[in-house]
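Below is one structure, written out as structure tokens, with a few remarks after it.
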Amino acid sequence: MSKLNLKIYSLKIVFLLVFIITSLNAVATHQRAGYITYRHLIGMTYEITLITYTYTPSPADRPKLEIFWGDGTSEEVDRTEKLDLPDNISKNTYVGTHTYDAPGSYTIHIEDKNRNGGILNIPNSVNIAFYIETTLIINPFLGSNSSPIILNPPIENACANQPFIYNPAAFDSEGDSLSYKLVVCKGDDGLEIPGYTFPLASNNFTLDPLTGDLLWESPVITGEYNVAFVIEEWRFGVKISSLTVDMQILVVPCNNRPPVIEEINDLCVLAGSSIAMVIKATDPDISDVITLTADGGPFLLNESPPIFPQPSYGTGSVQSYFYWQTTCAHVRKNPYSIVFKAKDNSSPVNLIDLETLLITVVAPAPENLTASPLNDAVQLNWEKSICENAKGYKIYRKNTYYGFLPDTCETGVPAYTGYSWIATVNDVNDTSFLDNNNGIGLPQGNTYCYMVIAFFEDGAESYASLEVCTELPHTAPIITNVSIRNTDNTNGSVYIAWSKPKDLDSLVHTGPFKYLIYRNNGFTINNLQLIDSLSNINDTIFIDTLINTRQLPYVYKIELYNDAPSNRFLIGSSQNASSVFATTTATNQSVNLQWSFNVPWTNINYTIYRYNDLTLTFDSVGNTNLTNFKDIGLTNGIQYCYKVKSVGAYSGTNTINPLINFSQIVCDVPIDTVPPCPPILNLTTDCDNIKNTLTWQRIDDECFFDVIKYNIYYSQNGGDDLKLIFTNNNLLDTTFIHDNLSTIAGCYAVTAVDSFNNESPISQVICLDIDSCSLYTLPNVFTPDGDGYNDLFIPFPYAFVEKIELKIFNRWGSIVFETTDPDINWDGKNIYSTNESSQGVYFYVCEVYEQRLGGIKNRTLKGFIHLLQGSGEKYD
């Protein structure tokens with residue numbers, strides 16, 4: 001055989017081997033879709049299930065697959081089942097068990113090099129790995145967890161130019177919240193596949209984040225597509241797992257139209273009641289046979305699962321009866337999801353329609369709630385919840401009746417009712433609660449209303465009970481007034497009034513009676529001091545005098561005693577009640593008022609009064625339901641005095657209404673404490689004369705109305721250490737020239753100052769460096785021939801140079817000249833031999849030390865000099 005024939009033969013062998021390898025690779029490609037789930041077994045041991053969908057005829061079968069557990073270890077896991085489905089699809093199930101060493105977040109994944117070829121939205125898919133992952137989070141504070149399971153296989157067919165819908169019918173056995181989002185398919189090393197795109201749609205391609213409905217409206221180009229989405233699992237607002245599904249959709253040309261399921265509304269149902277409805281579907285192609293089925297978590301329940309005869313068939317239309325008898329075991333916070341599926345029998349693709357029904361099963365409200373009043377507490381009792389799986393009860397209170405009637409899907413006690421949570425009973429068998437206001441007693445005079453709900457382990461709440469209201473017996477004094485009569489540092493006085501008890505037991509409380517009056521500075525009851533007493537039960541007014549009402553608030557308490565010599569005892573005490581105490585903050589042409597108090601009634605409105613120097617009376621200047629007020633439009637430098645009137649009431653029926661009380665008189669002087677706005681600064685430089693010109697402008701006349709001067713700040717070292725260099729008192733001149741400088745480098749800012757010496761924030765800081773001017777530069781030619789022109793090697797005109805370090809080298813690398821003088825003045829002679837240098841090219845290195853922003857900084861110049869001699873050649 002000749003060398004030429006041998007070479008041709010060898011090439012044929014190579015081409016044949018390449019063809020065989022390529023063909024085997026094409027035949028071997030098989031992974032189409034898949035996902036990973038896990039189930040908690042015990043402790044930190046989990047059962048992991050890998051589901052893949054492959055091309056049945058492919059010789060690249062996978063009886064084992066390596067699963068990476070996410071903790072640095074991996075294991076080859078055996079396939080436990082291979083199920084051949086229609087359309088050359090095989091479902092493969094791999095099950096393994098793994099124990100983790102500690103709590104943490106673990107990403108379980110597989111990577112198989114054999115993703116199938118020809119996927120339109122994955123470039124060169126035959127050479128892209130198939131990668132899926134699931135994140136397992138072990139958090140002992142959130143309890144054990146198993147991932148959701150997928151009930152609808154993630155491999156479907158679609159028809160070009162027809163809407164496609166898919167739902168994974170994910171179900172979480174623990175009732176955790178699920179959310180959905182589209183992600184990019186991943187390949188080698190778990191990285192997003194380069195060049196991946198979501199499928200082209202005539203309208204849109206979306207995934208509902210709540211229901212998981214994937215809508216492709218509509219496919220445009222026929223072929224195979226892969227999409228990925230993540231199912232995230234949440235518990236008490238914390239993400240506890242995520243599961244990535246890599247799904248394949250085959251789009252083919254066809255004239256078929258999909259069936260349509262009649263719309264189904266989501267439901268909230270009372271546990272113990274039943275759901276009964278007819279599910280209907282029709283097909284616009286009336287000769288198509290429709291198959292109606294349903295999937296969802298409720299069908300997997302052990303106790304009382306729904307009944308839905310399936311599959312049901314019909315030509316052109318079909319219907320089936322859905323029935324579910326719910327029980328307390330079905331109560332959970334998050335809704336159950338049921339996906340109804342209608343599928344036609346058209347060729348070449350069976351088109352489908354999906355309808356997702358969300359059902360929330362709600363526990364019934366606790367029944368027969370009663371509220372029994374005591375002296376300073378309320379005893380609550382109710383019947384045990386019929387749901388034995390309830391964890392306990394939550395109690396809510398409000399001082400007035402609301403009339404709450406919950407909507408069908410409205411559980412618990414909404415905040416808009418004004419009710420507040422006051423206690424939790426963590427035992428479903430404990431059906432009583434004593435409300436004594438956390439041990440300090442409930443104030444008499446109010447109406448107290450209650451609602452109770454049952455709650456469950458996953459956070460689910462029952463419907464609220466009916467409201468019940470009660471009022472405490474009036475067996476103690478009820479303070480109604482603590483009002484400032486006179487404001488003074490030493491001669492102030494306070495008006496205190498109260499309502500006498502109306503529900504005393506005359507057989508027990510025989511009298512005589514005595515009120516003891518206690519007082520303390522401030523708003524708290526610590527260190528209460530007895531200041532006086534009254535011996536007539538009808539004497540319910542006291543004037544407290546000779547106190548500092550200008551600077552201090554006061555809190556009071558009234559005790560009622562049975563004062564018989566041989567039968568003296570405390571009948572009851574009032575709740576503490578304070579005066580209204582106002583404070584002020586003066587600002588520019590305004591005074592801000594704030595006020596505080598501590599009272600057992602509810603203040604609902606406030607009137608603000610200002611003293612009128614002309615009428616010598618207080619006039620109303622405002623009304624609010626807040627505890628602050630701003631009086632504006634005042635004149636700076638003039639004193640203004642105020643007092644606040646509060647209007648309130650108890651919610652009960654045993655006291656007067658309204659309750660009116662006044663604060664002390666408080667005065668203040670408006671003063672301008674608001675600085676002007678910063679000016680807008682501009683900066684120009686004159687390099688020849690070494691000076692900088694600043695100009696600035698106002699941005700808002702109102703913000704500058706009382707400006708009296710401008711301050712100019714400068715720093716040669718940067719904007720961090722600006723120093724005042726000039727004050728411009730001429731308001732018409734908004735220009736400043738900074739000259740007599742050694743360098744133009746520096747930073748500038750300007751501020752505005754008003755008549756109250758309030759200085760604005762600095763303007764923007766503008767910095768200049770010598771780069772704004774011509775920098776130190778050297779020529780590349782000079783002629784030291786004595787003709788009076790260009791006889792010296794000197795720099796171009798320069799400025800801001802402290803010194804230089806210049807070295808000039810001949811072509812052999814020897815130094816012929818060096819200097820530190822910025823003017824250089826080299827006459828072409830060798831600095832060492834004094835001989836004239838020969839004509840030729842010389843190289844230089846020059847370190848230039850410049851007066852730059854921040855100080856002296858060096859800059860390196862390198863270049864060539866052409867030395868030209870006019871008369872003959874001279875040598876070193």
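Scheme for the structure tokens: letters A, B, ... for chains in order shown; per-chain residue numbers from 1; ligand numbers from 1 in order shown.
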
task = Among the residues of region 465-664 of chain A, find those DSSP assigns to strand (DSSP E or B) from the backbone and print them as a ChimeraX atom specification.
result = /A:468-471,478-486,492-499,513-521,529-534,541-547,554-564,567-573,577-578,581-587,590-596,602-612,617-624,628-632,640-649,659-662

If you keep C-alpha atoms, can you produce a file of those selected residues as a JSON list (two decimals), in the first residue's frame?
```
[["chain", "number", "residue", "atom", "x", "y", "z"],
["A", 468, "VAL", "CA", -69.61, 39.34, 74.75],
["A", 469, "CYS", "CA", -69.44, 42.54, 76.81],
["A", 470, "THR", "CA", -69.70, 43.38, 80.48],
["A", 471, "GLU", "CA", -69.14, 46.27, 82.87],
["A", 478, "ILE", "CA", -63.46, 56.41, 89.52],
["A", 479, "ILE", "CA", -61.35, 59.48, 88.80],
["A", 480, "THR", "CA", -62.91, 61.71, 86.13],
["A", 481, "ASN", "CA", -60.85, 64.90, 86.31],
["A", 482, "VAL", "CA", -57.24, 65.86, 86.83],
["A", 483, "SER", "CA", -57.22, 69.38, 85.42],
["A", 484, "ILE", "CA", -54.74, 72.21, 85.95],
["A", 485, "ARG", "CA", -56.43, 75.25, 87.52],
["A", 486, "ASN", "CA", -53.39, 77.47, 87.94],
["A", 492, "GLY", "CA", -49.96, 75.98, 91.11],
["A", 493, "SER", "CA", -53.19, 74.09, 91.67],
["A", 494, "VAL", "CA", -54.97, 71.01, 90.26],
["A", 495, "TYR", "CA", -58.69, 70.18, 90.18],
["A", 496, "ILE", "CA", -59.32, 66.48, 90.99],
["A", 497, "ALA", "CA", -62.80, 64.93, 90.81],
["A", 498, "TRP", "CA", -64.12, 61.37, 90.93],
["A", 499, "SER", "CA", -67.32, 59.38, 90.81],
["A", 513, "PHE", "CA", -66.45, 56.37, 104.87],
["A", 514, "LYS", "CA", -63.22, 58.17, 104.15],
["A", 515, "TYR", "CA", -61.38, 59.02, 100.93],
["A", 516, "LEU", "CA", -57.57, 59.06, 101.05],
["A", 517, "ILE", "CA", -55.95, 61.13, 98.33],
["A", 518, "TYR", "CA", -52.48, 60.21, 97.05],
["A", 519, "ARG", "CA", -50.18, 62.11, 94.72],
["A", 520, "ASN", "CA", -46.84, 61.67, 92.95],
["A", 521, "ASN", "CA", -44.77, 63.78, 90.59],
["A", 529, "GLN", "CA", -47.68, 60.12, 99.03],
["A", 530, "LEU", "CA", -50.84, 60.67, 101.04],
["A", 531, "ILE", "CA", -51.68, 64.37, 100.77],
["A", 532, "ASP", "CA", -55.19, 64.64, 102.22],
["A", 533, "SER", "CA", -58.45, 62.88, 103.08],
["A", 534, "LEU", "CA", -62.20, 63.56, 102.90],
["A", 541, "ILE", "CA", -63.83, 67.07, 94.57],
["A", 542, "PHE", "CA", -60.38, 68.08, 95.81],
["A", 543, "ILE", "CA", -58.21, 71.09, 94.94],
["A", 544, "ASP", "CA", -54.49, 70.36, 95.25],
["A", 545, "THR", "CA", -52.57, 73.63, 95.83],
["A", 546, "LEU", "CA", -49.11, 75.10, 96.35],
["A", 547, "ILE", "CA", -47.41, 72.83, 93.83],
["A", 554, "TYR", "CA", -48.94, 64.97, 88.71],
["A", 555, "VAL", "CA", -50.61, 61.59, 89.08],
["A", 556, "TYR", "CA", -53.35, 60.85, 91.65],
["A", 557, "LYS", "CA", -55.00, 57.86, 93.29],
["A", 558, "ILE", "CA", -58.11, 57.79, 95.50],
["A", 559, "GLU", "CA", -58.77, 55.08, 98.10],
["A", 560, "LEU", "CA", -62.13, 54.53, 99.80],
["A", 561, "TYR", "CA", -62.17, 53.12, 103.34],
["A", 562, "ASN", "CA", -64.91, 51.86, 105.58],
["A", 563, "ASP", "CA", -63.79, 54.02, 108.51],
["A", 564, "ALA", "CA", -65.68, 52.59, 111.48],
["A", 567, "ASN", "CA", -64.32, 47.91, 111.32],
["A", 568, "ARG", "CA", -61.81, 49.85, 109.21],
["A", 569, "PHE", "CA", -60.90, 48.31, 105.86],
["A", 570, "LEU", "CA", -60.16, 49.30, 102.27],
["A", 571, "ILE", "CA", -63.24, 49.10, 100.09],
["A", 572, "GLY", "CA", -61.58, 49.93, 96.79],
["A", 573, "SER", "CA", -58.99, 52.05, 94.99],
["A", 577, "ALA", "CA", -54.89, 59.32, 86.63],
["A", 578, "SER", "CA", -52.50, 62.10, 85.72],
["A", 581, "PHE", "CA", -48.62, 67.83, 80.59],
["A", 582, "ALA", "CA", -47.66, 69.93, 77.55],
["A", 583, "THR", "CA", -44.22, 70.73, 76.20],
["A", 584, "THR", "CA", -43.12, 72.96, 73.35],
["A", 585, "THR", "CA", -40.37, 73.21, 70.79],
["A", 586, "ALA", "CA", -39.88, 76.58, 69.09],
["A", 587, "THR", "CA", -38.84, 76.73, 65.47],
["A", 590, "SER", "CA", -43.87, 78.25, 64.64],
["A", 591, "VAL", "CA", -44.25, 76.41, 67.91],
["A", 592, "ASN", "CA", -44.61, 72.62, 68.11],
["A", 593, "LEU", "CA", -46.71, 71.36, 71.04],
["A", 594, "GLN", "CA", -46.71, 67.81, 72.41],
["A", 595, "TRP", "CA", -48.59, 66.51, 75.42],
["A", 596, "SER", "CA", -48.64, 63.36, 77.52],
["A", 602, "THR", "CA", -59.85, 57.30, 76.61],
["A", 603, "ASN", "CA", -59.09, 60.81, 75.40],
["A", 604, "ILE", "CA", -60.49, 61.25, 71.92],
["A", 605, "ASN", "CA", -60.04, 64.91, 71.06],
["A", 606, "TYR", "CA", -57.92, 67.92, 71.97],
["A", 607, "THR", "CA", -58.41, 71.68, 71.60],
["A", 608, "ILE", "CA", -55.37, 73.94, 71.61],
["A", 609, "TYR", "CA", -55.73, 77.45, 73.04],
["A", 610, "ARG", "CA", -53.34, 80.39, 72.59],
["A", 611, "TYR", "CA", -53.30, 83.48, 74.79],
["A", 612, "ASN", "CA", -54.53, 86.65, 73.07],
["A", 617, "THR", "CA", -58.12, 85.50, 77.03],
["A", 618, "PHE", "CA", -57.17, 82.15, 75.54],
["A", 619, "ASP", "CA", -58.51, 81.61, 72.01],
["A", 620, "SER", "CA", -58.84, 78.29, 70.25],
["A", 621, "VAL", "CA", -56.26, 77.90, 67.46],
["A", 622, "GLY", "CA", -56.66, 74.24, 66.60],
["A", 623, "ASN", "CA", -58.33, 70.90, 67.18],
["A", 624, "THR", "CA", -56.87, 67.42, 66.75],
["A", 628, "ASN", "CA", -49.22, 67.01, 68.99],
["A", 629, "PHE", "CA", -49.95, 70.25, 67.18],
["A", 630, "LYS", "CA", -47.95, 72.84, 65.22],
["A", 631, "ASP", "CA", -48.94, 76.48, 65.47],
["A", 632, "ILE", "CA", -47.58, 78.28, 62.41],
["A", 640, "TYR", "CA", -46.70, 82.74, 72.77],
["A", 641, "CYS", "CA", -48.52, 80.88, 75.55],
["A", 642, "TYR", "CA", -50.76, 77.80, 75.19],
["A", 643, "LYS", "CA", -52.89, 75.30, 77.03],
["A", 644, "VAL", "CA", -54.52, 72.06, 75.86],
["A", 645, "LYS", "CA", -58.04, 70.85, 76.59],
["A", 646, "SER", "CA", -58.55, 67.08, 76.45],
["A", 647, "VAL", "CA", -61.99, 65.54, 75.88],
["A", 648, "GLY", "CA", -62.47, 61.89, 76.75],
["A", 649, "ALA", "CA", -64.76, 59.30, 78.30],
["A", 659, "LEU", "CA", -64.49, 64.18, 80.67],
["A", 660, "ILE", "CA", -62.83, 67.59, 80.17],
["A", 661, "ASN", "CA", -59.39, 68.42, 81.53],
["A", 662, "PHE", "CA", -56.81, 71.12, 80.90]]
```

Quick one: residues within 7 Å of Tyr798 (chain A), only C-alpha atoms, excluding same-chain residues fewer than 2 positions away - as a short mmCIF file (atom, residue, chain, number, x, y, z; two decimals) with all heavy atoms, in the first residue's frame?
```
data_model
loop_
_atom_site.label_atom_id
_atom_site.label_comp_id
_atom_site.auth_asym_id
_atom_site.auth_seq_id
_atom_site.Cartn_x
_atom_site.Cartn_y
_atom_site.Cartn_z
N SER A 774 -1.97 73.26 31.57
CA SER A 774 -0.94 72.56 30.81
C SER A 774 0.11 72.01 31.78
O SER A 774 0.66 72.75 32.60
CB SER A 774 -0.27 73.51 29.81
OG SER A 774 -1.22 73.98 28.87
N LEU A 775 0.38 70.72 31.67
CA LEU A 775 1.32 70.10 32.58
C LEU A 775 2.75 70.24 32.07
O LEU A 775 3.00 70.58 30.91
CB LEU A 775 0.95 68.62 32.75
CG LEU A 775 -0.42 68.34 33.37
CD1 LEU A 775 -0.67 66.84 33.42
CD2 LEU A 775 -0.52 68.95 34.76
N TYR A 776 3.67 69.95 32.95
CA TYR A 776 5.09 70.01 32.64
C TYR A 776 5.39 69.03 31.51
O TYR A 776 5.16 67.82 31.63
CB TYR A 776 5.89 69.66 33.88
CG TYR A 776 7.38 69.85 33.78
CD1 TYR A 776 7.95 71.10 34.01
CD2 TYR A 776 8.22 68.79 33.46
CE1 TYR A 776 9.32 71.28 33.93
CE2 TYR A 776 9.58 68.96 33.39
CZ TYR A 776 10.15 70.20 33.62
OH TYR A 776 11.50 70.38 33.54
N PHE A 796 8.64 73.15 27.97
CA PHE A 796 7.62 74.10 27.55
C PHE A 796 7.18 74.88 28.78
O PHE A 796 7.45 74.49 29.93
CB PHE A 796 6.43 73.38 26.91
CG PHE A 796 6.77 72.73 25.59
CD1 PHE A 796 6.83 71.35 25.47
CD2 PHE A 796 7.03 73.51 24.47
CE1 PHE A 796 7.13 70.76 24.27
CE2 PHE A 796 7.34 72.92 23.25
CZ PHE A 796 7.40 71.54 23.14
#
```

task = Find the residues near Gly187 (chain A): any atom within 8 Å, counting only C-alpha atoms, skip ones fewer than 3 places away on the same chain, and give them as a count of residues only.
result = 9

request  = Pick out the residues sitting within 7 Å of Thr206 (chain A), and hand them over as a ChimeraX atom specification; count only C-alpha atoms, and ignore anything fewer than 6 positions along from it in its own chain.
outcome  = /A:214-216

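Nearest-residue note for Tyr196 (chain A): choosing from A:Ser715, A:Ser125, A:Asn88, A:Asn381, the minimum distance belongs to A:Ser125, counting only C-alpha atoms.
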
request  = Write out as a VMD selection string each polymer residue whose atoms come within 12 Å of Gly212 (chain A), counting only C-alpha atoms; drop sequence neighbours fewer than 6 positions from it.
outcome  = chain A and resid 150 152 165 to 171 178 to 182 206 229 to 232 245 337 to 339 354 to 358

Write out the residues from the selection above, keeping C-alpha atoms, as a PDB file, in the first residue's frame.
```
ATOM      1  CA  ILE A 150     -45.433  16.323  42.673  1.00  0.00           C
ATOM      2  CA  ASN A 152     -48.626  15.721  37.864  1.00  0.00           C
ATOM      3  CA  ILE A 165     -51.419  24.967  30.711  1.00  0.00           C
ATOM      4  CA  TYR A 166     -49.727  22.783  33.299  1.00  0.00           C
ATOM      5  CA  ASN A 167     -49.841  22.510  37.076  1.00  0.00           C
ATOM      6  CA  PRO A 168     -47.539  20.238  39.126  1.00  0.00           C
ATOM      7  CA  ALA A 169     -50.340  19.607  41.660  1.00  0.00           C
ATOM      8  CA  ALA A 170     -47.767  19.929  44.434  1.00  0.00           C
ATOM      9  CA  PHE A 171     -48.942  18.772  47.846  1.00  0.00           C
ATOM     10  CA  LEU A 178     -45.935  26.820  48.695  1.00  0.00           C
ATOM     11  CA  SER A 179     -44.845  29.418  46.158  1.00  0.00           C
ATOM     12  CA  TYR A 180     -43.636  29.040  42.582  1.00  0.00           C
ATOM     13  CA  LYS A 181     -41.196  30.872  40.305  1.00  0.00           C
ATOM     14  CA  LEU A 182     -39.608  30.301  36.909  1.00  0.00           C
ATOM     15  CA  THR A 206     -45.995  32.865  32.866  1.00  0.00           C
ATOM     16  CA  PHE A 229     -39.385  26.186  38.049  1.00  0.00           C
ATOM     17  CA  VAL A 230     -38.748  26.233  41.780  1.00  0.00           C
ATOM     18  CA  ILE A 231     -41.327  25.274  44.397  1.00  0.00           C
ATOM     19  CA  GLU A 232     -40.467  27.045  47.657  1.00  0.00           C
ATOM     20  CA  VAL A 245     -38.443  20.819  38.608  1.00  0.00           C
ATOM     21  CA  SER A 337     -55.087  22.585  46.107  1.00  0.00           C
ATOM     22  CA  ILE A 338     -57.076  20.323  43.777  1.00  0.00           C
ATOM     23  CA  VAL A 339     -56.239  20.370  40.064  1.00  0.00           C
ATOM     24  CA  LEU A 354     -56.620  22.696  34.027  1.00  0.00           C
ATOM     25  CA  GLU A 355     -58.680  24.350  36.725  1.00  0.00           C
ATOM     26  CA  THR A 356     -57.163  24.758  40.186  1.00  0.00           C
ATOM     27  CA  LEU A 357     -59.528  24.786  43.152  1.00  0.00           C
ATOM     28  CA  LEU A 358     -58.228  26.115  46.486  1.00  0.00           C
TER      29      LEU A 358
END
```

Contacts of region 817-821 of chain A within 6 Å, only C-alpha atoms, excl. fewer than 6 positions in-chain, as a PDB file with N, CA and C atoms, in the first residue's frame:
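Wrote around_7.pdb, looks like this:
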```pdb
ATOM      1  N   LYS A 803      10.183  70.551  41.888  1.00  0.00           N
ATOM      2  CA  LYS A 803      11.514  70.164  41.425  1.00  0.00           C
ATOM      3  C   LYS A 803      11.354  69.015  40.442  1.00  0.00           C
ATOM      4  N   ILE A 804      12.491  68.664  39.811  1.00  0.00           N
ATOM      5  CA  ILE A 804      12.490  67.485  38.942  1.00  0.00           C
ATOM      6  C   ILE A 804      13.722  66.655  39.256  1.00  0.00           C
ATOM      7  N   GLU A 805      13.737  65.434  38.779  1.00  0.00           N
ATOM      8  CA  GLU A 805      14.939  64.583  38.798  1.00  0.00           C
ATOM      9  C   GLU A 805      15.080  64.024  37.385  1.00  0.00           C
ATOM     10  N   LEU A 806      15.906  64.690  36.577  1.00  0.00           N
ATOM     11  CA  LEU A 806      16.048  64.371  35.154  1.00  0.00           C
ATOM     12  C   LEU A 806      17.386  63.682  34.905  1.00  0.00           C
ATOM     13  N   LYS A 807      17.332  62.588  34.151  1.00  0.00           N
ATOM     14  CA  LYS A 807      18.531  61.906  33.675  1.00  0.00           C
ATOM     15  C   LYS A 807      18.382  61.705  32.180  1.00  0.00           C
ATOM     16  N   ILE A 808      19.455  62.088  31.418  1.00  0.00           N
ATOM     17  CA  ILE A 808      19.462  61.915  29.967  1.00  0.00           C
ATOM     18  C   ILE A 808      20.574  60.920  29.616  1.00  0.00           C
ATOM     19  N   ILE A 831      27.789  66.419  30.940  1.00  0.00           N
ATOM     20  CA  ILE A 831      27.951  67.050  32.247  1.00  0.00           C
ATOM     21  C   ILE A 831      29.231  66.626  32.930  1.00  0.00           C
TER      22      ILE A 831
END
```

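If you look at CA of Lys691 (chain A) and CA of Leu741 (chain A), they are 6.6 Å away from each other.
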
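With only C-alpha atoms taken into account, the protein and nucleic acid residues at most 9 Å from Asn203 (chain A) (excluding it and anything under 5 positions from it in its own chain) are Trp216, Glu217, Ser218 and Pro219 of chain A.
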
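What separates CA of Asn399 (chain A) from CA of Asn446 (chain A) is a distance of 6.4 Å.
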